[in-house]
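Structure below is run-v8.cif: mmCIF, C-alpha atoms.
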data_final
#
loop_
_atom_site.group_PDB
_atom_site.id
_atom_site.type_symbol
_atom_site.label_atom_id
_atom_site.label_comp_id
_atom_site.auth_asym_id
_atom_site.auth_seq_id
_atom_site.Cartn_x
_atom_site.Cartn_y
_atom_site.Cartn_z
ATOM 1 C CA ASP X 1250 0.000 0.000 0.000
ATOM 2 C CA SER X 1251 1.576 3.263 -1.189
ATOM 3 C CA GLY X 1252 -0.504 5.472 1.095
ATOM 4 C CA VAL X 1253 -2.047 7.309 -1.871
ATOM 5 C CA THR X 1254 -5.793 6.816 -2.184
ATOM 6 C CA GLN X 1255 -7.951 7.299 -5.233
ATOM 7 C CA THR X 1256 -11.696 7.161 -5.667
ATOM 8 C CA PRO X 1257 -13.608 5.775 -7.351
ATOM 9 C CA LYS X 1258 -11.860 2.606 -8.453
ATOM 10 C CA HIS X 1259 -14.026 2.219 -11.521
ATOM 11 C CA LEU X 1260 -16.185 4.676 -13.402
ATOM 12 C CA ILE X 1261 -18.443 3.957 -16.365
ATOM 13 C CA THR X 1262 -20.089 6.857 -18.102
ATOM 14 C CA ALA X 1263 -21.359 8.019 -21.467
ATOM 15 C CA THR X 1264 -19.882 10.300 -24.089
ATOM 16 C CA GLY X 1265 -20.440 13.965 -23.413
ATOM 17 C CA GLN X 1266 -20.604 13.526 -19.656
ATOM 18 C CA ARG X 1267 -18.401 15.026 -16.939
ATOM 19 C CA VAL X 1268 -16.668 13.117 -14.142
ATOM 20 C CA THR X 1269 -14.482 13.946 -11.157
ATOM 21 C CA LEU X 1270 -11.664 11.751 -9.945
ATOM 22 C CA ARG X 1271 -10.357 12.220 -6.441
ATOM 23 C CA CYS X 1272 -6.932 11.668 -4.920
ATOM 24 C CA SER X 1273 -5.521 11.932 -1.409
ATOM 25 C CA PRO X 1274 -1.727 12.051 -1.201
ATOM 26 C CA ARG X 1275 0.486 10.307 1.308
ATOM 27 C CA SER X 1276 0.699 12.002 4.666
ATOM 28 C CA GLY X 1277 3.320 14.757 4.474
ATOM 29 C CA ASP X 1278 3.500 14.896 0.675
ATOM 30 C CA LEU X 1279 2.825 18.319 -0.803
ATOM 31 C CA SER X 1280 2.981 17.448 -4.463
ATOM 32 C CA VAL X 1281 0.318 15.623 -6.464
ATOM 33 C CA TYR X 1282 0.671 14.406 -10.036
ATOM 34 C CA TRP X 1283 -1.901 13.036 -12.460
ATOM 35 C CA TYR X 1284 -1.040 10.516 -15.161
ATOM 36 C CA GLN X 1285 -3.105 8.809 -17.830
ATOM 37 C CA GLN X 1286 -2.405 5.257 -18.966
ATOM 38 C CA SER X 1287 -3.975 4.171 -22.244
ATOM 39 C CA LEU X 1288 -3.160 1.411 -24.697
ATOM 40 C CA ASP X 1289 -2.161 3.746 -27.503
ATOM 41 C CA GLN X 1290 -0.414 6.514 -25.534
ATOM 42 C CA GLY X 1291 1.133 4.577 -22.671
ATOM 43 C CA LEU X 1292 1.739 6.378 -19.380
ATOM 44 C CA GLN X 1293 1.547 10.123 -19.837
ATOM 45 C CA PHE X 1294 1.971 12.972 -17.406
ATOM 46 C CA LEU X 1295 -1.008 15.298 -17.250
ATOM 47 C CA ILE X 1296 -0.445 17.873 -14.525
ATOM 48 C CA GLN X 1297 1.304 18.550 -11.212
ATOM 49 C CA TYR X 1298 0.182 20.559 -8.215
ATOM 50 C CA TYR X 1299 2.370 21.625 -5.339
ATOM 51 C CA ASN X 1300 0.822 22.874 -2.115
ATOM 52 C CA GLY X 1301 -2.281 24.096 -3.885
ATOM 53 C CA GLU X 1302 -0.673 25.659 -6.928
ATOM 54 C CA GLU X 1303 -0.203 24.330 -10.421
ATOM 55 C CA ARG X 1304 3.481 23.586 -10.961
ATOM 56 C CA ALA X 1305 3.749 21.804 -14.289
ATOM 57 C CA LYS X 1306 1.510 20.855 -17.155
ATOM 58 C CA GLY X 1307 1.890 18.019 -19.613
ATOM 59 C CA ASN X 1308 -0.310 16.832 -22.451
ATOM 60 C CA ILE X 1309 -3.526 17.673 -20.688
ATOM 61 C CA LEU X 1310 -6.530 18.384 -22.871
ATOM 62 C CA GLU X 1311 -8.445 21.640 -22.439
ATOM 63 C CA ARG X 1312 -11.493 19.568 -21.503
ATOM 64 C CA PHE X 1313 -9.578 18.357 -18.449
ATOM 65 C CA SER X 1314 -8.808 20.430 -15.382
ATOM 66 C CA ALA X 1315 -7.477 19.777 -11.915
ATOM 67 C CA GLN X 1316 -7.069 21.470 -8.589
ATOM 68 C CA GLN X 1317 -5.488 20.837 -5.227
ATOM 69 C CA PHE X 1318 -7.342 21.854 -2.114
ATOM 70 C CA PRO X 1319 -6.017 23.272 1.191
ATOM 71 C CA ASP X 1320 -6.115 19.806 2.751
ATOM 72 C CA LEU X 1321 -3.871 18.745 -0.184
ATOM 73 C CA HIS X 1322 -6.293 16.334 -1.788
ATOM 74 C CA SER X 1323 -6.674 16.790 -5.509
ATOM 75 C CA GLU X 1324 -9.435 16.373 -8.036
ATOM 76 C CA LEU X 1325 -9.182 15.786 -11.766
ATOM 77 C CA ASN X 1326 -12.220 16.913 -13.730
ATOM 78 C CA LEU X 1327 -12.863 15.443 -17.160
ATOM 79 C CA SER X 1328 -15.648 16.967 -19.235
ATOM 80 C CA SER X 1329 -17.278 16.427 -22.633
ATOM 81 C CA LEU X 1330 -15.980 12.904 -22.458
ATOM 82 C CA GLU X 1331 -15.080 11.026 -25.617
ATOM 83 C CA LEU X 1332 -14.534 7.327 -26.255
ATOM 84 C CA GLY X 1333 -10.804 7.985 -26.446
ATOM 85 C CA ASP X 1334 -10.729 9.237 -22.866
ATOM 86 C CA SER X 1335 -11.228 5.683 -21.625
ATOM 87 C CA ALA X 1336 -8.062 4.949 -19.657
ATOM 88 C CA LEU X 1337 -6.552 4.268 -16.275
ATOM 89 C CA TYR X 1338 -5.934 7.524 -14.427
ATOM 90 C CA PHE X 1339 -3.267 7.520 -11.776
ATOM 91 C CA CYS X 1340 -2.535 9.991 -9.069
ATOM 92 C CA ALA X 1341 0.906 10.082 -7.491
ATOM 93 C CA SER X 1342 2.381 12.086 -4.662
ATOM 94 C CA SER X 1343 5.846 13.071 -3.522
ATOM 95 C CA VAL X 1344 7.519 15.170 -0.889
ATOM 96 C CA GLU X 1345 9.005 17.517 -3.512
ATOM 97 C CA SER X 1346 11.783 18.616 -1.194
ATOM 98 C CA GLY X 1347 13.089 21.128 -3.731
ATOM 99 C CA PRO X 1348 12.802 22.220 -7.330
ATOM 100 C CA ARG X 1349 13.744 19.299 -9.566
ATOM 101 C CA SER X 1350 14.578 17.203 -6.530
ATOM 102 C CA GLY X 1351 13.508 14.060 -8.347
ATOM 103 C CA ASP X 1352 11.769 12.732 -5.256
ATOM 104 C CA THR X 1353 10.112 9.369 -5.620
ATOM 105 C CA GLN X 1354 6.520 9.487 -6.748
ATOM 106 C CA TYR X 1355 4.230 6.993 -5.060
ATOM 107 C CA PHE X 1356 1.208 5.987 -7.058
ATOM 108 C CA GLY X 1357 -2.363 5.359 -6.047
ATOM 109 C CA PRO X 1358 -4.293 2.308 -7.279
ATOM 110 C CA GLY X 1359 -5.784 4.265 -10.183
ATOM 111 C CA THR X 1360 -9.286 4.976 -11.437
ATOM 112 C CA ARG X 1361 -10.377 3.019 -14.478
ATOM 113 C CA LEU X 1362 -12.596 5.200 -16.617
ATOM 114 C CA THR X 1363 -14.753 3.633 -19.308
ATOM 115 C CA VAL X 1364 -16.603 5.941 -21.675
ATOM 116 C CA LEU X 1365 -19.387 4.240 -23.620
ATOM 117 C CA ALA D 572 13.062 16.548 -24.624
ATOM 118 C CA GLN D 573 13.504 13.435 -22.582
ATOM 119 C CA LYS D 574 12.912 9.941 -23.878
ATOM 120 C CA VAL D 575 12.959 6.437 -22.423
ATOM 121 C CA THR D 576 13.197 3.356 -24.614
ATOM 122 C CA GLN D 577 12.341 -0.142 -23.495
ATOM 123 C CA ALA D 578 12.928 -2.142 -26.632
ATOM 124 C CA GLN D 579 11.729 -5.446 -25.184
ATOM 125 C CA THR D 580 7.960 -5.521 -25.422
ATOM 126 C CA GLU D 581 7.487 -8.941 -23.881
ATOM 127 C CA ILE D 582 9.781 -11.521 -22.292
ATOM 128 C CA SER D 583 8.851 -15.055 -21.283
ATOM 129 C CA VAL D 584 11.024 -17.106 -18.965
ATOM 130 C CA VAL D 585 10.725 -20.246 -16.941
ATOM 131 C CA GLU D 586 10.846 -19.956 -13.178
ATOM 132 C CA LYS D 587 14.354 -19.770 -11.702
ATOM 133 C CA GLU D 588 15.830 -18.258 -14.856
ATOM 134 C CA ASP D 589 17.607 -14.921 -14.642
ATOM 135 C CA VAL D 590 16.181 -12.127 -16.782
ATOM 136 C CA THR D 591 17.408 -8.647 -17.673
ATOM 137 C CA LEU D 592 15.099 -5.817 -18.672
ATOM 138 C CA ASP D 593 16.735 -3.122 -20.751
ATOM 139 C CA CYS D 594 16.214 0.622 -20.437
ATOM 140 C CA VAL D 595 17.902 3.303 -22.524
ATOM 141 C CA TYR D 596 17.274 6.965 -21.883
ATOM 142 C CA GLU D 597 17.907 10.304 -23.566
ATOM 143 C CA THR D 598 18.252 13.628 -21.803
ATOM 144 C CA ARG D 599 20.231 16.830 -22.208
ATOM 145 C CA ASP D 600 20.138 17.478 -18.496
ATOM 146 C CA THR D 601 23.172 16.788 -16.332
ATOM 147 C CA THR D 602 21.047 16.210 -13.237
ATOM 148 C CA TYR D 603 18.359 13.622 -13.659
ATOM 149 C CA TYR D 604 16.748 10.695 -11.882
ATOM 150 C CA LEU D 605 15.914 7.215 -13.053
ATOM 151 C CA PHE D 606 13.223 4.933 -11.700
ATOM 152 C CA TRP D 607 11.805 1.472 -12.130
ATOM 153 C CA TYR D 608 8.176 0.683 -11.401
ATOM 154 C CA LYS D 609 6.326 -2.634 -11.457
ATOM 155 C CA GLN D 610 2.718 -2.972 -12.593
ATOM 156 C CA PRO D 611 1.321 -6.375 -11.586
ATOM 157 C CA PRO D 612 -1.906 -7.708 -13.124
ATOM 158 C CA SER D 613 -3.897 -5.954 -10.386
ATOM 159 C CA GLY D 614 -2.926 -2.660 -12.050
ATOM 160 C CA GLU D 615 -1.228 -0.549 -9.411
ATOM 161 C CA LEU D 616 2.211 0.988 -10.018
ATOM 162 C CA VAL D 617 4.730 -0.127 -7.428
ATOM 163 C CA PHE D 618 7.969 1.794 -6.925
ATOM 164 C CA LEU D 619 11.111 -0.353 -7.072
ATOM 165 C CA ILE D 620 14.155 1.927 -7.228
ATOM 166 C CA ARG D 621 15.349 5.515 -7.696
ATOM 167 C CA ARG D 622 18.814 6.458 -8.898
ATOM 168 C CA ASN D 623 20.264 9.944 -9.456
ATOM 169 C CA SER D 624 22.610 10.763 -12.300
ATOM 170 C CA PHE D 625 25.619 11.222 -10.024
ATOM 171 C CA ASP D 626 25.421 7.796 -8.471
ATOM 172 C CA GLU D 627 26.618 5.098 -10.832
ATOM 173 C CA GLN D 628 26.933 2.405 -8.215
ATOM 174 C CA ASN D 629 25.039 -0.717 -9.013
ATOM 175 C CA GLU D 630 22.399 -1.721 -6.531
ATOM 176 C CA ILE D 631 21.228 -5.083 -5.322
ATOM 177 C CA SER D 632 18.071 -5.711 -3.357
ATOM 178 C CA GLY D 633 17.378 -9.368 -2.784
ATOM 179 C CA ARG D 634 16.836 -10.984 -6.181
ATOM 180 C CA TYR D 635 16.743 -7.585 -7.911
ATOM 181 C CA SER D 636 19.762 -5.712 -9.193
ATOM 182 C CA TRP D 637 20.217 -2.597 -11.276
ATOM 183 C CA ASN D 638 23.088 -1.627 -13.555
ATOM 184 C CA PHE D 639 23.368 2.105 -14.284
ATOM 185 C CA GLN D 640 25.848 3.104 -17.012
ATOM 186 C CA LYS D 641 26.001 6.781 -17.982
ATOM 187 C CA SER D 642 28.394 6.041 -20.832
ATOM 188 C CA THR D 643 25.687 4.076 -22.629
ATOM 189 C CA SER D 644 22.690 5.931 -21.117
ATOM 190 C CA SER D 645 21.311 2.685 -19.796
ATOM 191 C CA PHE D 646 19.685 1.603 -16.556
ATOM 192 C CA ASN D 647 19.067 -2.125 -16.797
ATOM 193 C CA PHE D 648 17.185 -4.264 -14.314
ATOM 194 C CA THR D 649 18.005 -7.902 -13.591
ATOM 195 C CA ILE D 650 15.847 -10.372 -11.724
ATOM 196 C CA THR D 651 17.785 -13.388 -10.493
ATOM 197 C CA ALA D 652 16.028 -16.720 -10.067
ATOM 198 C CA SER D 653 12.718 -15.374 -11.342
ATOM 199 C CA GLN D 654 9.460 -16.419 -9.713
ATOM 200 C CA VAL D 655 5.883 -16.535 -10.962
ATOM 201 C CA VAL D 656 5.078 -13.559 -8.702
ATOM 202 C CA ASP D 657 7.509 -11.475 -10.760
ATOM 203 C CA SER D 658 5.089 -11.614 -13.689
ATOM 204 C CA ALA D 659 4.153 -8.011 -14.368
ATOM 205 C CA VAL D 660 4.806 -5.069 -16.641
ATOM 206 C CA TYR D 661 7.947 -3.197 -15.682
ATOM 207 C CA PHE D 662 8.396 0.473 -16.484
ATOM 208 C CA CYS D 663 11.565 2.504 -16.564
ATOM 209 C CA ALA D 664 11.091 6.257 -16.030
ATOM 210 C CA LEU D 665 13.138 9.440 -16.107
ATOM 211 C CA SER D 666 12.681 12.817 -14.452
ATOM 212 C CA GLY D 667 14.718 16.005 -14.444
ATOM 213 C CA ASP D 668 13.493 17.879 -17.486
ATOM 214 C CA PRO D 669 13.850 21.501 -16.361
ATOM 215 C CA GLY D 670 10.836 22.529 -18.387
ATOM 216 C CA THR D 671 8.376 20.376 -16.539
ATOM 217 C CA ALA D 672 9.706 20.053 -13.004
ATOM 218 C CA SER D 673 9.529 16.552 -11.667
ATOM 219 C CA LYS D 674 7.265 14.893 -14.184
ATOM 220 C CA LEU D 675 8.128 11.309 -15.027
ATOM 221 C CA THR D 676 8.719 10.272 -18.612
ATOM 222 C CA PHE D 677 7.940 6.583 -18.893
ATOM 223 C CA GLY D 678 9.096 3.960 -21.321
ATOM 224 C CA THR D 679 6.518 1.764 -22.998
ATOM 225 C CA GLY D 680 7.090 -1.039 -20.508
ATOM 226 C CA THR D 681 8.277 -4.639 -20.726
ATOM 227 C CA ARG D 682 5.791 -7.388 -19.972
ATOM 228 C CA LEU D 683 7.500 -10.221 -18.094
ATOM 229 C CA GLN D 684 5.809 -13.601 -18.020
ATOM 230 C CA VAL D 685 7.300 -16.166 -15.653
ATOM 231 C CA THR D 686 5.960 -19.705 -15.995
ATOM 232 C CA LEU D 687 6.501 -22.889 -14.019
#
Kindly present the structure from the file in structure tokens form.
Amino acid sequence: DSGVTQTPKHLITATGQRVTLRCSPRSGDLSVYWYQQSLDQGLQFLIQYYNGEERAKGNILERFSAQQFPDLHSELNLSSLELGDSALYFCASSVESGPRSGDTQYFGPGTRLTVL
Amino acid sequence: AQKVTQAQTEISVVEKEDVTLDCVYETRDTTYYLFWYKQPPSGELVFLIRRNSFDEQNEISGRYSWNFQKSTSSFNFTITASQVVDSAVYFCALSGDPGTASKLTFGTGTRLQVTL
């Protein structure tokens, strides 16, 4: 158990809908990352938050947004869902002891999103 | 931009065989970090090892060992006396890209199948 929790574990929804994925980082970790794992794109970085502020952005679609709350949990919002958004979404957390510290990222169990 | 190549898509071995998973990386950064993660059939991503670019010492942890060679930009992973429980997808990852903080760039993974 990495100490990172994600809910829900599975999500089935229809095209055009909006969903929210939730992540709680390990105790003491200030940084949260979101990754998408799909068959065609592999594991891709979406976005990072550090202590409530956006720190880095990857290949995140405009239809997707995220935030990190004062209690450090994070939510990833996916809207106007398309079939191609079906994937496993991972949240990870790290201490982020300094800029580019390369601290280990510990991953949650993931949320499997199926868009029908 | 950073890149990680895992040329072996799938490897099958018989239990007790030794197996080496290859990882080759590309980066222009002088400070970077390398990781290996394991993804068992249950789907979670399990952290195995972190290595920074200044530490070229090989590491051994039980049946696992890692060989980091900067001269060839490789960070290979060997499992000695493989067991059925080692069956999983193994990912090599790289961080340190100054443009995107600590994001991980993953390889495409190597699926290891260990049979009796």
Near chain X, meaning an atom within 10 Å, which residues of chain D appear when counting all atoms listed in the file? Write them as number ranges by chain.
D: 602-606, 608, 613-623, 662, 664-680
For Ala1336 in chain X, work out the shell of residues within 8 Å, counting only C-alpha atoms and skipping chain neighbours fewer than 5 positions away, then give it as a ChimeraX atom specification.
/X:1285-1288,1361-1363
Figure out the distance between CA of Leu1270 in chain X and CA of Tyr1338 in chain X, please, to one decimal in Å.
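These atoms are spaced 8.4 Å apart.
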Extract, using all atoms listed in the file, all DNA, RNA and protein residues at most 9 Å from Ala659 in chain D, discarding same-chain residues fewer than 3 positions from it, and format them as a ChimeraX atom specification.
/D:609-612,656,681-685
How far is it from CA of Ser658 in chain D to CA of Tyr635 in chain D, in Å with one decimal?
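CA of Ser658 in chain D sits 13.6 Å away from CA of Tyr635 in chain D.
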Between X:Gly1333, X:Leu1325, X:Phe1313, X:Gln1255, which is the closest to Tyr1298 in chain X once you count all atoms listed in the file?
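Nearest to Tyr1298 in chain X: X:Leu1325.
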Find, counting all atoms listed in the file, the residue in X:Glu1303, X:Val1253, X:Glu1324, X:Ile1309 that gets nearest to Arg1271 in chain X.
X:Glu1324
With the file shown as input, list the residues that the PyMOL selection byres ((chain X and resi 1279) around 9) selects, as a PyMOL selection string.
chain X and resi 1274-1278+1280-1281+1298-1301+1321+1342-1346
Quick one: of D:Ser636, D:Thr649, D:Thr686, D:Thr598, who's nearest to Thr576 in chain D, counting all atoms listed in the file?
D:Thr598
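The spacing separating CA of Asn1308 in chain X from CA of Gln579 in chain D amounts to 25.5 Å.
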Applied to the shown file, which residues does the PyMOL selection byres ((chain D and resi 594) around 8) return, written as a list in words?
Val575, Thr576, Gln577, Ala578, Leu592, Asp593, Val595, Tyr596, Ser645, Phe646, Asn647, Phe648, Cys663 and Gly678 of chain D
